[in-house]
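Content type TSV, C-alpha atoms, from the file entry34.tsv:
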```
chain	number	residue	atom	x	y	z
A	1	MET	CA	-27.47	21.91	-20.70
A	2	THR	CA	-30.57	23.83	-19.66
A	3	GLU	CA	-28.73	26.67	-17.89
A	4	ARG	CA	-25.20	28.09	-18.12
A	5	PRO	CA	-23.81	28.67	-14.62
A	6	GLY	CA	-20.73	30.87	-14.13
A	7	PRO	CA	-17.42	29.85	-12.50
A	8	ALA	CA	-18.52	30.79	-8.95
A	9	ALA	CA	-21.68	28.66	-9.12
A	10	LEU	CA	-19.71	25.76	-10.64
A	11	PHE	CA	-17.13	25.99	-7.86
A	12	ALA	CA	-19.88	25.96	-5.20
A	13	ALA	CA	-21.75	23.03	-6.76
A	14	PHE	CA	-18.69	20.80	-7.10
A	15	PHE	CA	-17.50	21.80	-3.63
A	16	SER	CA	-20.80	20.55	-2.19
A	17	ILE	CA	-20.48	17.31	-4.21
A	18	ALA	CA	-16.95	16.78	-2.85
A	19	ILE	CA	-17.68	17.29	0.82
A	20	SER	CA	-20.86	15.20	0.92
A	21	GLY	CA	-19.30	12.45	-1.20
A	22	PHE	CA	-18.36	9.95	1.45
A	23	GLY	CA	-17.93	6.49	-0.05
A	24	GLY	CA	-18.30	7.57	-3.66
A	25	THR	CA	-19.10	10.94	-5.22
A	26	LEU	CA	-21.18	9.97	-8.26
A	27	PRO	CA	-24.57	9.63	-6.50
A	28	PHE	CA	-24.00	13.09	-5.02
A	29	ALA	CA	-23.00	14.50	-8.40
A	30	ARG	CA	-26.35	13.34	-9.74
A	31	ARG	CA	-28.25	14.74	-6.78
A	32	VAL	CA	-26.64	18.19	-7.08
A	33	LEU	CA	-26.45	18.59	-10.87
A	34	VAL	CA	-29.79	17.03	-11.82
A	35	GLU	CA	-32.10	17.34	-8.83
A	36	ARG	CA	-30.98	20.33	-6.83
A	37	ARG	CA	-29.50	22.72	-9.44
A	38	ALA	CA	-31.26	21.30	-12.54
A	39	TRP	CA	-28.30	22.19	-14.78
A	40	LEU	CA	-28.57	18.80	-16.48
A	41	THR	CA	-31.56	16.63	-17.33
A	42	ALA	CA	-31.44	12.97	-16.26
A	43	ASP	CA	-30.57	12.03	-19.86
A	44	ASP	CA	-27.82	14.67	-20.07
A	45	PHE	CA	-26.36	13.26	-16.88
A	46	THR	CA	-26.32	9.66	-18.14
A	47	GLU	CA	-24.81	10.73	-21.46
A	48	THR	CA	-22.16	12.88	-19.76
A	49	LEU	CA	-21.35	10.05	-17.37
A	50	SER	CA	-20.86	7.58	-20.21
A	51	LEU	CA	-18.46	10.07	-21.86
A	52	CYS	CA	-16.54	10.47	-18.58
A	53	GLN	CA	-16.39	6.72	-18.03
A	54	SER	CA	-15.01	6.04	-21.49
A	55	LEU	CA	-12.13	8.47	-20.95
A	56	PRO	CA	-9.13	7.81	-18.68
A	57	GLY	CA	-8.94	9.46	-15.26
A	58	PRO	CA	-11.20	9.67	-12.21
A	59	ASN	CA	-14.81	9.77	-13.50
A	60	VAL	CA	-16.14	12.52	-11.28
A	61	VAL	CA	-13.08	14.69	-12.02
A	62	ASN	CA	-13.77	14.24	-15.73
A	63	MET	CA	-17.37	15.24	-15.08
A	64	SER	CA	-16.26	18.51	-13.45
A	65	ILE	CA	-14.19	19.25	-16.56
A	66	VAL	CA	-17.02	18.48	-19.01
A	67	VAL	CA	-19.79	20.30	-17.12
A	68	GLY	CA	-17.48	23.28	-16.56
A	69	ALA	CA	-16.38	23.40	-20.20
A	70	ARG	CA	-19.92	23.24	-21.57
A	71	SER	CA	-21.11	26.15	-19.46
A	72	CYS	CA	-18.18	28.57	-19.71
A	73	GLY	CA	-15.09	27.08	-21.33
A	74	TRP	CA	-11.78	26.49	-19.58
A	75	ARG	CA	-12.61	28.91	-16.75
A	76	GLY	CA	-15.65	26.79	-15.93
A	77	SER	CA	-13.58	23.59	-15.97
A	78	ALA	CA	-10.94	25.13	-13.72
A	79	ALA	CA	-13.54	26.41	-11.23
A	80	ALA	CA	-15.44	23.10	-11.09
A	81	PHE	CA	-12.20	21.12	-10.72
A	82	ALA	CA	-10.90	23.37	-7.92
A	83	GLY	CA	-14.21	23.10	-6.06
A	84	LEU	CA	-14.18	19.31	-6.35
A	85	VAL	CA	-10.55	18.56	-5.55
A	86	GLY	CA	-9.16	21.41	-3.40
A	87	THR	CA	-10.77	20.71	-0.04
A	88	PRO	CA	-10.59	16.88	-0.13
A	89	VAL	CA	-6.86	17.05	-0.91
A	90	LEU	CA	-6.26	19.26	2.13
A	91	VAL	CA	-8.45	17.06	4.35
A	92	VAL	CA	-6.70	13.88	3.29
A	93	ILE	CA	-3.22	15.40	3.78
A	94	GLY	CA	-4.34	16.41	7.30
A	95	LEU	CA	-5.50	12.84	7.96
A	96	GLY	CA	-2.20	11.52	6.61
A	97	ALA	CA	-0.32	13.78	9.02
A	98	LEU	CA	-2.44	12.48	11.91
A	99	TYR	CA	-1.66	8.94	10.77
A	100	THR	CA	2.11	9.54	10.95
A	101	ARG	CA	1.79	11.29	14.30
A	102	PHE	CA	-0.62	8.86	15.98
A	103	GLY	CA	-0.51	5.78	13.74
A	104	GLY	CA	1.60	4.00	16.35
A	105	LEU	CA	-1.11	4.14	19.04
A	106	THR	CA	-2.76	0.79	19.57
A	107	GLU	CA	-6.36	2.02	19.21
A	108	ILE	CA	-5.62	3.93	16.00
A	109	ARG	CA	-3.71	0.99	14.56
A	110	HIS	CA	-6.57	-1.38	15.33
A	111	ALA	CA	-9.17	1.05	13.94
A	112	LEU	CA	-7.19	1.38	10.69
A	113	VAL	CA	-6.77	-2.39	10.41
A	114	GLY	CA	-10.56	-2.79	10.64
A	115	LEU	CA	-11.14	0.16	8.31
A	116	GLY	CA	-8.75	-1.34	5.75
A	117	ALA	CA	-10.52	-4.70	5.80
A	118	ALA	CA	-13.93	-3.05	5.24
A	119	ALA	CA	-12.55	-0.69	2.55
A	120	SER	CA	-11.13	-3.61	0.58
A	121	GLY	CA	-14.58	-5.22	0.80
A	122	LEU	CA	-16.05	-2.16	-0.94
A	123	VAL	CA	-13.76	-2.73	-3.90
A	124	VAL	CA	-14.70	-6.43	-4.00
A	125	ALA	CA	-18.37	-5.38	-4.24
A	126	THR	CA	-17.58	-2.79	-6.94
A	127	ALA	CA	-15.72	-5.41	-8.98
A	128	ALA	CA	-18.65	-7.84	-8.68
A	129	ARG	CA	-21.20	-5.16	-9.63
A	130	MET	CA	-19.21	-4.16	-12.69
A	131	ALA	CA	-18.51	-7.71	-13.84
A	132	GLU	CA	-22.11	-8.89	-13.52
A	133	PRO	CA	-23.76	-7.04	-16.46
A	134	LEU	CA	-20.87	-7.91	-18.78
A	135	LEU	CA	-20.98	-11.59	-17.90
A	136	LYS	CA	-24.77	-11.63	-18.34
A	137	THR	CA	-25.01	-9.81	-21.68
A	138	ARG	CA	-21.86	-10.95	-23.52
A	139	PRO	CA	-19.98	-13.63	-21.54
A	140	LEU	CA	-18.03	-14.98	-24.51
A	141	VAL	CA	-16.34	-11.70	-25.44
A	142	ALA	CA	-16.05	-10.34	-21.88
A	143	ALA	CA	-14.89	-13.24	-19.67
A	144	PRO	CA	-11.59	-13.97	-21.50
A	145	PHE	CA	-10.49	-10.34	-21.15
A	146	ILE	CA	-11.56	-10.01	-17.51
A	147	VAL	CA	-9.61	-13.17	-16.69
A	148	SER	CA	-6.48	-12.26	-18.70
A	149	ALA	CA	-6.36	-8.69	-17.29
A	150	PHE	CA	-6.71	-10.12	-13.78
A	151	ALA	CA	-4.08	-12.83	-14.29
A	152	ALA	CA	-1.55	-10.44	-15.86
A	153	VAL	CA	-1.88	-7.70	-13.23
A	154	ALA	CA	-2.82	-9.48	-10.00
A	155	LEU	CA	-1.03	-12.83	-10.39
A	156	LEU	CA	1.92	-12.11	-12.71
A	157	HIS	CA	2.48	-8.50	-11.50
A	158	TRP	CA	2.98	-7.17	-15.02
A	159	PRO	CA	2.95	-3.36	-15.39
A	160	LEU	CA	-0.64	-2.27	-15.94
A	161	PRO	CA	-0.06	0.24	-18.80
A	162	TYR	CA	1.51	-2.50	-20.98
A	163	VAL	CA	-1.27	-4.95	-20.15
A	164	LEU	CA	-3.82	-2.34	-21.21
A	165	LEU	CA	-1.97	-1.60	-24.46
A	166	ALA	CA	-1.78	-5.32	-25.26
A	167	LEU	CA	-5.34	-6.32	-24.35
A	168	ALA	CA	-7.39	-3.26	-25.36
A	169	PRO	CA	-7.01	-3.60	-29.17
A	170	ILE	CA	-8.01	-7.28	-29.12
A	171	SER	CA	-10.89	-6.63	-26.73
A	172	ILE	CA	-12.14	-3.70	-28.84
A	173	ALA	CA	-11.93	-5.83	-31.99
A	174	ALA	CA	-13.91	-8.57	-30.22
A	175	ALA	CA	-16.54	-6.03	-29.13
A	176	TRP	CA	-16.75	-4.74	-32.71
A	177	TRP	CA	-17.23	-8.27	-34.07
A	178	TRP	CA	-19.90	-8.92	-31.41
A	179	ARG	CA	-21.84	-5.78	-32.45
A	180	LEU	CA	-21.77	-6.73	-36.12
A	181	ARG	CA	-22.81	-10.28	-35.32
A	182	SER	CA	-25.75	-9.29	-33.12
A	183	ALA	CA	-26.87	-6.41	-35.39
B	1	MET	CA	17.06	8.62	-2.81
B	2	LYS	CA	17.21	12.41	-3.21
B	3	SER	CA	13.86	14.15	-2.81
B	4	GLY	CA	14.07	15.59	-6.34
B	5	ASP	CA	14.33	12.06	-7.72
B	6	THR	CA	11.33	10.96	-5.67
B	7	LEU	CA	9.24	13.90	-6.93
B	8	GLY	CA	10.25	13.12	-10.51
B	9	ALA	CA	9.34	9.46	-10.05
B	10	LEU	CA	5.95	10.43	-8.57
B	11	ALA	CA	5.22	12.82	-11.44
B	12	VAL	CA	6.08	10.26	-14.12
B	13	GLN	CA	4.26	7.41	-12.40
B	14	PHE	CA	0.98	9.22	-11.77
B	15	ALA	CA	0.95	11.08	-15.09
B	16	THR	CA	1.25	7.70	-16.83
B	17	LEU	CA	-1.47	6.15	-14.68
B	18	SER	CA	-3.73	9.14	-15.32
B	19	LEU	CA	-3.78	8.29	-19.03
B	20	VAL	CA	-4.46	4.57	-18.56
B	21	ALA	CA	-6.99	4.90	-15.70
B	22	PHE	CA	-10.01	3.83	-17.72
B	23	GLY	CA	-12.68	3.00	-15.16
B	24	GLY	CA	-11.30	5.53	-12.69
B	25	ALA	CA	-8.66	5.46	-10.00
B	26	ASN	CA	-9.68	2.07	-8.58
B	27	ALA	CA	-8.53	0.38	-11.78
B	28	VAL	CA	-4.91	1.48	-11.31
B	29	ILE	CA	-4.59	0.57	-7.60
B	30	PRO	CA	-2.50	-2.56	-8.42
B	31	GLU	CA	0.05	-0.47	-10.30
B	32	ILE	CA	0.20	2.21	-7.57
B	33	HIS	CA	0.71	-0.59	-5.05
B	34	ARG	CA	3.38	-2.34	-7.14
B	35	GLN	CA	5.38	0.88	-7.57
B	36	ALA	CA	4.97	2.20	-4.01
B	37	VAL	CA	5.55	-1.08	-2.14
B	38	ASP	CA	7.48	-3.50	-4.37
B	39	VAL	CA	9.54	-1.32	-6.73
B	40	ARG	CA	10.34	1.88	-4.84
B	41	HIS	CA	9.83	0.77	-1.21
B	42	TRP	CA	8.14	4.01	-0.19
B	43	MET	CA	5.98	2.08	2.31
B	44	THR	CA	5.03	-1.34	3.64
B	45	ASN	CA	2.02	-3.37	2.60
B	46	GLN	CA	0.32	-2.41	5.90
B	47	ASP	CA	0.97	1.30	5.30
B	48	PHE	CA	-0.61	0.97	1.86
B	49	ALA	CA	-3.71	-0.70	3.31
B	50	ALA	CA	-3.98	2.02	5.96
B	51	LEU	CA	-3.58	4.87	3.45
B	52	PHE	CA	-6.17	3.32	1.15
B	53	ALA	CA	-8.55	3.02	4.10
B	54	ILE	CA	-8.00	6.68	5.04
B	55	ALA	CA	-8.64	7.80	1.45
B	56	GLN	CA	-11.88	5.78	1.33
B	57	ALA	CA	-13.11	7.16	4.64
B	58	ALA	CA	-12.34	10.80	3.72
B	59	PRO	CA	-14.85	12.84	1.72
B	60	GLY	CA	-14.16	13.41	-1.95
B	61	PRO	CA	-13.21	11.49	-5.09
B	62	ASN	CA	-11.54	8.12	-4.57
B	63	PHE	CA	-8.31	8.98	-6.41
B	64	LEU	CA	-7.16	10.59	-3.13
B	65	VAL	CA	-5.14	7.46	-2.37
B	66	SER	CA	-2.61	8.84	-4.89
B	67	THR	CA	-2.41	12.09	-2.89
B	68	LEU	CA	-1.58	10.04	0.22
B	69	VAL	CA	0.96	7.85	-1.55
B	70	GLY	CA	2.70	11.02	-2.78
B	71	TRP	CA	2.56	12.46	0.70
B	72	LYS	CA	4.06	9.34	2.27
B	73	ALA	CA	6.84	9.26	-0.34
B	74	ALA	CA	7.84	12.93	-0.30
B	75	GLY	CA	5.73	15.02	2.10
B	76	ILE	CA	3.41	17.90	1.11
B	77	LEU	CA	5.21	18.53	-2.18
B	78	GLY	CA	4.91	14.84	-3.02
B	79	ALA	CA	1.17	14.96	-2.30
B	80	LEU	CA	0.69	17.91	-4.65
B	81	VAL	CA	2.87	16.38	-7.39
B	82	ALA	CA	1.02	13.04	-7.21
B	83	THR	CA	-2.39	14.76	-7.24
B	84	ALA	CA	-1.46	16.96	-10.20
B	85	GLY	CA	0.07	13.98	-11.99
B	86	MET	CA	-3.06	11.89	-11.48
B	87	CYS	CA	-5.41	14.67	-12.69
B	88	ALA	CA	-3.70	16.94	-15.22
B	89	PRO	CA	-3.17	14.60	-18.21
B	90	SER	CA	-6.65	13.04	-18.08
B	91	CYS	CA	-8.26	16.46	-17.51
B	92	LEU	CA	-6.57	17.86	-20.61
B	93	VAL	CA	-7.72	14.86	-22.65
B	94	THR	CA	-11.25	15.19	-21.28
B	95	PHE	CA	-11.38	18.94	-21.95
B	96	TRP	CA	-10.34	18.40	-25.54
B	97	VAL	CA	-12.64	15.43	-26.15
B	98	ALA	CA	-15.62	17.24	-24.58
B	99	LYS	CA	-15.43	19.70	-27.46
B	100	VAL	CA	-15.45	17.14	-30.26
B	101	TRP	CA	-17.58	14.52	-28.49
B	102	ASP	CA	-20.97	15.39	-29.96
B	103	ARG	CA	-19.70	14.64	-33.45
B	104	TYR	CA	-18.79	11.03	-32.58
B	105	ARG	CA	-21.27	10.13	-29.88
B	106	GLU	CA	-23.40	7.67	-31.84
B	107	THR	CA	-20.71	6.21	-34.09
B	108	GLN	CA	-20.11	2.46	-34.23
B	109	TRP	CA	-16.42	2.67	-33.43
B	110	ARG	CA	-16.95	4.78	-30.33
B	111	MET	CA	-19.38	2.25	-28.93
B	112	ALA	CA	-17.01	-0.61	-29.77
B	113	VAL	CA	-14.16	1.19	-27.97
B	114	GLY	CA	-16.36	1.64	-24.88
B	115	ALA	CA	-17.58	-1.96	-24.98
B	116	GLY	CA	-14.07	-3.30	-25.57
B	117	LEU	CA	-12.41	-1.37	-22.76
B	118	ALA	CA	-15.05	-2.43	-20.22
B	119	PRO	CA	-13.92	-6.06	-19.60
B	120	VAL	CA	-10.24	-5.08	-19.36
B	121	THR	CA	-11.17	-2.40	-16.83
B	122	VAL	CA	-13.22	-4.89	-14.83
B	123	GLY	CA	-10.22	-7.24	-14.81
B	124	PHE	CA	-8.11	-4.40	-13.38
B	125	ILE	CA	-10.68	-3.62	-10.68
B	126	CYS	CA	-10.77	-7.32	-9.75
B	127	SER	CA	-6.98	-7.06	-9.42
B	128	SER	CA	-7.39	-4.02	-7.17
B	129	ALA	CA	-9.73	-6.01	-4.96
B	130	PHE	CA	-7.20	-8.86	-4.85
B	131	VAL	CA	-4.26	-6.58	-3.97
B	132	LEU	CA	-6.23	-4.69	-1.30
B	133	VAL	CA	-7.67	-7.81	0.31
B	134	ARG	CA	-4.20	-9.35	0.51
B	135	ALA	CA	-2.78	-6.19	2.08
B	136	ALA	CA	-5.63	-5.74	4.56
B	137	ASP	CA	-6.61	-9.23	5.71
B	138	ALA	CA	-3.94	-10.48	8.08
B	139	ASP	CA	-6.19	-13.14	9.66
B	140	TRP	CA	-9.62	-14.80	9.44
B	141	ARG	CA	-11.37	-12.14	11.56
B	142	LEU	CA	-10.37	-9.42	9.11
B	143	ALA	CA	-11.31	-11.63	6.16
B	144	LEU	CA	-14.74	-11.94	7.74
B	145	VAL	CA	-15.03	-8.13	7.95
B	146	THR	CA	-14.07	-7.84	4.26
B	147	ALA	CA	-16.65	-10.46	3.28
B	148	ALA	CA	-19.34	-8.77	5.37
B	149	SER	CA	-18.71	-5.31	3.94
B	150	ALA	CA	-18.58	-6.68	0.38
B	151	GLY	CA	-21.88	-8.48	0.99
B	152	VAL	CA	-23.60	-5.44	2.48
B	153	VAL	CA	-22.51	-3.15	-0.34
B	154	TYR	CA	-23.32	-5.69	-3.06
B	155	PHE	CA	-26.76	-6.72	-1.79
B	156	THR	CA	-28.10	-3.56	-0.11
B	157	ARG	CA	-28.26	0.18	-0.82
B	158	LEU	CA	-26.83	1.09	2.58
B	159	ASN	CA	-24.25	3.91	2.54
B	160	PRO	CA	-20.83	2.15	2.57
B	161	LEU	CA	-19.64	4.63	5.17
B	162	TRP	CA	-21.58	2.61	7.77
B	163	CYS	CA	-19.46	-0.47	7.00
B	164	LEU	CA	-16.27	1.55	7.40
B	165	ALA	CA	-17.47	3.05	10.69
B	166	ALA	CA	-18.55	-0.32	12.10
B	167	ALA	CA	-15.25	-1.97	11.17
B	168	ALA	CA	-13.23	0.88	12.70
B	169	ALA	CA	-15.32	0.65	15.88
B	170	LEU	CA	-14.73	-3.11	16.08
B	171	GLY	CA	-11.01	-2.40	15.74
B	172	VAL	CA	-10.99	0.17	18.55
B	173	ALA	CA	-12.93	-2.27	20.72
B	174	GLY	CA	-10.05	-4.70	20.29
B	175	ALA	CA	-11.72	-7.29	18.06
B	176	PHE	CA	-8.57	-7.67	15.93
B	177	GLY	CA	-5.97	-7.34	18.67
```

Translate this structure into structure tokens?
Amino acid sequence: MTERPGPAALFAAFFSIAISGFGGTLPFARRVLVERRAWLTADDFTETLSLCQSLPGPNVVNMSIVVGARSCGWRGSAAAFAGLVGTPVLVVIGLGALYTRFGGLTEIRHALVGLGAAASGLVVATAARMAEPLLKTRPLVAAPFIVSAFAAVALLHWPLPYVLLALAPISIAAAWWWRLRSA
Amino acid sequence: MKSGDTLGALAVQFATLSLVAFGGANAVIPEIHRQAVDVRHWMTNQDFAALFAIAQAAPGPNFLVSTLVGWKAAGILGALVATAGMCAPSCLVTFWVAKVWDRYRETQWRMAVGAGLAPVTVGFICSSAFVLVRAADADWRLALVTAASAGVVYFTRLNPLWCLAAAAALGVAGAFG
């Protein structure tokens, strides 16, 4: 990290990421942390992102924790987290309240039906984008696990935590073997 | 069900999901859906699709669907419990790992763990897509909207918010009535 911002600056930065982050916050996180505030270099950002993606939990939330912790310990993490999450939670609860109050109106119902169809399309595109590099670089060790995870969760409705616990060790072993083989 | 029971169920469910949500909140959508709709009957399939759509259209991180599920199940308190449950465990893990990370960053086993988790996560996100499409697409017109928005987001760099806005506008105009 090139500079060590205090809790107030961290709160402000992650607040601005949260409120401009329509349809995904990560591009905005990059814009604010790397380009506008220059707290992280482009390489720092990529490295931090890969850490956040390999841990459980929402990626951008993890990023607020890591960036906060590196600049001023737990107070930094708490400030960055509050900036990122506080306002969106209130906004979304307000929208939820409007949905209960007015969700019965025909126009609102039709708008939400359309919105839902488009929103599910976004996840289809995300799934395709994430699957593509894996299937291109290591199809033999990736495809079986993509297919089994999908079959177990989507088709058989097995509880996801158990599926993860069962598949992850085998998949990690396969990835390990693949690294040794191609090294 | 008493409200205390509901809050307890929300806390346990989201705290568990927090720790298995490799690949972010979208990976655990099928489990949130299974619990909220099939197991605990907090809402219908249509409600779930609507809440997911609201969470996507609102600013902020995309785990906000858990806030809305908590809210639907048990009001404001439910929303706060679900949000805290979804964030607290993974944040504590992240905070701790951030401190020791630099020691392990280039090790073989860390890279193998990352590479091994990736396909399982992608399988979960494919499941999310499947669950959401089934909840949202009641007829062929809606399926067409889903396909169009998936295509736009996959092939172009257009802000996805435009797809959401266009689909909502089509809805208001009565295209799906």

Counting all atoms listed in the file, which residues of stretch 77-126 of chain A fall within 12 Å of stretch 66-69 of chain A, and what is the closest atom pair for each with its distance in Å at one decimal, ordered by chain and rising number, as CSV?
```
residue,atom,partner,partner_atom,distance
A:Ser77,CA,A:Gly68,CA,4.0
A:Ala78,CA,A:Gly68,CA,7.4
A:Ala79,CA,A:Gly68,CA,7.3
A:Ala80,CA,A:Gly68,CA,5.8
A:Phe81,CA,A:Gly68,CA,8.2
A:Ala82,CA,A:Gly68,CA,10.9
A:Gly83,CA,A:Gly68,CA,11.0
A:Leu84,CA,A:Gly68,CA,11.4
```

Report as a ChimeraX atom specification all protein, DNA and RNA residues lying within 9 Å of A:Asp44, evaluated on all atoms listed in the file, omitting residues in the same chain fewer than 4 positions from it. /A:1,34,40,48-49

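Atom CA of A:Val153 is found 20.4 Å from atom CA of B:Ala115.
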
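Counting all atoms listed in the file, the residue from A:Leu112, A:Leu33, A:Leu165, A:Ala131 that sits nearest to A:Leu95 is A:Leu112.
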
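Closest approach to A:Leu98 from the set B:Thr146, B:Val113, B:Ala118, B:Leu51 is made by B:Leu51, with distances taken over only C-alpha atoms.
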
Output as JSON the centre and edge lengths (Å, one decimal) of the box along x, y and z of the file that holds every listed atom of stretch 112-129 of chain A after adding 5 Å on each side.
```
{"center_x": -14.0, "center_y": -3.2, "center_z": 0.5, "size_x": 24.4, "size_y": 19.2, "size_z": 30.3}
```

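Taking only C-alpha atoms into account, the residues near (-8.6, 14.9, -18.4), no farther than 9 Å, are A:Leu55, A:Pro56, A:Gly57, A:Pro58, A:Val61, A:Asn62, A:Ile65, B:Ser18, B:Leu19, B:Cys87, B:Ala88, B:Pro89, B:Ser90, B:Cys91, B:Leu92, B:Val93, B:Thr94, B:Phe95, B:Trp96, B:Val97.
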
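Near A:Ser148, within 10 Å and counting all atoms listed in the file, sit Ala143, Pro144, Phe145, Ile146, Phe150, Ala151, Ala152, Val153, Ala154, Leu155, Val163 and Leu167 of chain A; Pro119, Val120, Gly123 and Phe124 of chain B; same-chain residues fewer than 2 positions away were not included.
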
Can I get the selected residues back with C-alpha atoms, as a PDB file, in the coordinates of the input?
```pdb
ATOM      1  CA  ALA A 143     -14.890 -13.240 -19.670  1.00  0.00           C
ATOM      2  CA  PRO A 144     -11.590 -13.970 -21.500  1.00  0.00           C
ATOM      3  CA  PHE A 145     -10.490 -10.340 -21.150  1.00  0.00           C
ATOM      4  CA  ILE A 146     -11.560 -10.010 -17.510  1.00  0.00           C
ATOM      5  CA  PHE A 150      -6.710 -10.120 -13.780  1.00  0.00           C
ATOM      6  CA  ALA A 151      -4.080 -12.830 -14.290  1.00  0.00           C
ATOM      7  CA  ALA A 152      -1.550 -10.440 -15.860  1.00  0.00           C
ATOM      8  CA  VAL A 153      -1.880  -7.700 -13.230  1.00  0.00           C
ATOM      9  CA  ALA A 154      -2.820  -9.480 -10.000  1.00  0.00           C
ATOM     10  CA  LEU A 155      -1.030 -12.830 -10.390  1.00  0.00           C
ATOM     11  CA  VAL A 163      -1.270  -4.950 -20.150  1.00  0.00           C
ATOM     12  CA  LEU A 167      -5.340  -6.320 -24.350  1.00  0.00           C
TER      13      LEU A 167
ATOM     14  CA  PRO B 119     -13.920  -6.060 -19.600  1.00  0.00           C
ATOM     15  CA  VAL B 120     -10.240  -5.080 -19.360  1.00  0.00           C
ATOM     16  CA  GLY B 123     -10.220  -7.240 -14.810  1.00  0.00           C
ATOM     17  CA  PHE B 124      -8.110  -4.400 -13.380  1.00  0.00           C
TER      18      PHE B 124
END
```

Give me, as a PyMOL selection string, all polymer residues having an atom no more than 8 Å from stretch 68-78 of chain B, counting only C-alpha atoms and skipping those fewer than 5 positions away in the same chain. (chain A and resi 92-93+96) or (chain B and resi 3+6-7+10+36+42-43+48+51+55+83)
